[in-house]
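Below is one structure, written out as structure tokens, with a few remarks after it.
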Amino acid sequence: MQEEKSHVYTIILGVCMLLCLAMIGRMLLGHPEQTVPPETGSPTLPEQEETGMELREAELCELIGEALPIPAHEITTKIGADETISVVVLVSKQDLQESGLVPGGLRTALMFLPDECRMYGAWTASVADGKITLQCEKAEIGEIAIPAELVSSLTDQVAASINAYFTQEGMTPEKLEWTDGALRLTAG
């Protein structure tokens with residue numbers, strides 16, 4: 001009887017170990033199908049007409065790079081006609097740890113991530129009072145959810161960078177038009 005229990009416990013322990021290894025492996029690998037290859041060629045200037053301006057993925061990458069408080073190795077964005085902005089940023093684990101942005105629980109999870117971490121986020125955008133506002137739909141580092149306070153801080157920094165860009169261009173957006181690869185902003 002005792003020997004039968006020992007075998008059952010051994011099998012249960014083995015299954016638990018396999019599940020743990022599968023979770024850690026999934027956490028480390030990320031989702032490569034969600035990445036968008038960077039655009040080739042020289043970045044183009046945004047098209048500006050009397051009533052509007054177009055923000056393309058390349059310009060958005062530059063604005064996000066300026067807004068991030070940590071150095072990014074690579075930034076890719078995808079603007080979709082489904083009214084979402086998806087962003088993938090590759091950063092080093094060491095830069096994340098040294099930035100002071102990572103709270104306690106996430107700091108422990110960083111130990112299990114590779115040296116180069118993939119941050120993924122999806123946002124929607126809207127216009128209110130002539131300013132772009134962003135609402136985060138999802139944010140994660142290596143499939144680990146990013147805490148709300150960090151997401152809020154990063155979202156505010158990116159929105160401020162985008163709004164500063166439009167102010168510099170003399171544009172006060174009032175309406176957004178979504179297409180695949182670009183976001184058209186119209187004034188008045």
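Residue numbers start at 1 in each chain; chains themselves are named A, B, ... in the order of the structure tokens; ligands are numbered from 1 in the order shown.
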
(message) Need to verify the contact set: segment 182-187 of chain A, 12 Å, only C-alpha atoms, exclusion of same-chain residues closer than 2 positions in sequence. Can you return it as a PyMOL selection string?
(response) chain A and resi 46-60+77-85+124-127+129-132+162-163+166+170-180

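Residues surrounding Ala72 of chain A within 7 Å are Gly65, Val89, Leu90 and Val91 of chain A [only C-alpha atoms; sequence separation below 6 positions excluded].
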
With all heavy atoms retained, could you export that selection as a JSON list (two decimals), in the first residue's frame?
```json
[["chain", "number", "residue", "atom", "x", "y", "z"],
["A", 65, "GLY", "N", 10.55, 55.81, -29.02],
["A", 65, "GLY", "CA", 11.94, 55.73, -28.59],
["A", 65, "GLY", "C", 12.37, 56.94, -27.77],
["A", 65, "GLY", "O", 13.10, 56.81, -26.79],
["A", 89, "VAL", "N", 8.96, 46.23, -28.17],
["A", 89, "VAL", "CA", 10.22, 46.89, -27.85],
["A", 89, "VAL", "C", 11.16, 45.84, -27.26],
["A", 89, "VAL", "O", 10.79, 45.10, -26.36],
["A", 89, "VAL", "CB", 10.00, 48.02, -26.82],
["A", 89, "VAL", "CG1", 11.32, 48.69, -26.46],
["A", 89, "VAL", "CG2", 9.00, 49.04, -27.32],
["A", 90, "LEU", "N", 12.38, 45.78, -27.81],
["A", 90, "LEU", "CA", 13.40, 44.90, -27.25],
["A", 90, "LEU", "C", 14.33, 45.73, -26.37],
["A", 90, "LEU", "O", 14.90, 46.73, -26.81],
["A", 90, "LEU", "CB", 14.20, 44.22, -28.36],
["A", 90, "LEU", "CG", 13.42, 43.24, -29.22],
["A", 90, "LEU", "CD1", 14.30, 42.69, -30.33],
["A", 90, "LEU", "CD2", 12.85, 42.11, -28.39],
["A", 91, "VAL", "N", 14.44, 45.33, -25.10],
["A", 91, "VAL", "CA", 15.30, 46.01, -24.14],
["A", 91, "VAL", "C", 16.13, 44.98, -23.41],
["A", 91, "VAL", "O", 15.78, 43.80, -23.36],
["A", 91, "VAL", "CB", 14.47, 46.84, -23.12],
["A", 91, "VAL", "CG1", 13.72, 47.96, -23.79],
["A", 91, "VAL", "CG2", 13.53, 45.96, -22.35]]
```

(message) Report, in Å with one decimal, the straight-line distance from atom CA of Ser99 of chain A to atom CA of Leu154 of chain A.
(response) 12.7 Å

(message) To one decimal place in Å, what is the distance between atom CA of Ala139 of chain A and atom CA of Gln94 of chain A?
(response) 19.4 Å

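Checking A:Ala67, A:Ile75, A:Cys16, A:Cys117 one by one against Thr155 of chain A, counting only C-alpha atoms, you find the shortest gap at A:Ala67.
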
(request) Using atom CA of Ala145 of chain A and atom CA of Gly181 of chain A as the two end points, give the distance in Å to one decimal. (result) 26.1 Å

Please identify the alpha helix (DSSP H) residues within segment 106-136 of chain A (assignment by DSSP from backbone atoms) and present them as a PDB file with N, CA and C atoms, in the first residue's frame.
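The result, written out as result-v3.pdb:
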```
ATOM      1  N   LEU A 106       7.611  42.091 -10.137  1.00  0.00           N
ATOM      2  CA  LEU A 106       8.104  41.952 -11.504  1.00  0.00           C
ATOM      3  C   LEU A 106       9.627  41.804 -11.512  1.00  0.00           C
ATOM      4  N   ARG A 107      10.303  42.423 -10.541  1.00  0.00           N
ATOM      5  CA  ARG A 107      11.754  42.301 -10.448  1.00  0.00           C
ATOM      6  C   ARG A 107      12.160  40.847 -10.245  1.00  0.00           C
ATOM      7  N   THR A 108      11.389  40.112  -9.456  1.00  0.00           N
ATOM      8  CA  THR A 108      11.666  38.692  -9.245  1.00  0.00           C
ATOM      9  C   THR A 108      11.456  37.914 -10.539  1.00  0.00           C
ATOM     10  N   ALA A 109      10.399  38.232 -11.270  1.00  0.00           N
ATOM     11  CA  ALA A 109      10.117  37.536 -12.534  1.00  0.00           C
ATOM     12  C   ALA A 109      11.197  37.817 -13.576  1.00  0.00           C
ATOM     13  N   LEU A 110      11.842  38.987 -13.511  1.00  0.00           N
ATOM     14  CA  LEU A 110      12.894  39.331 -14.474  1.00  0.00           C
ATOM     15  C   LEU A 110      14.070  38.365 -14.403  1.00  0.00           C
TER      16      LEU A 110
END
```
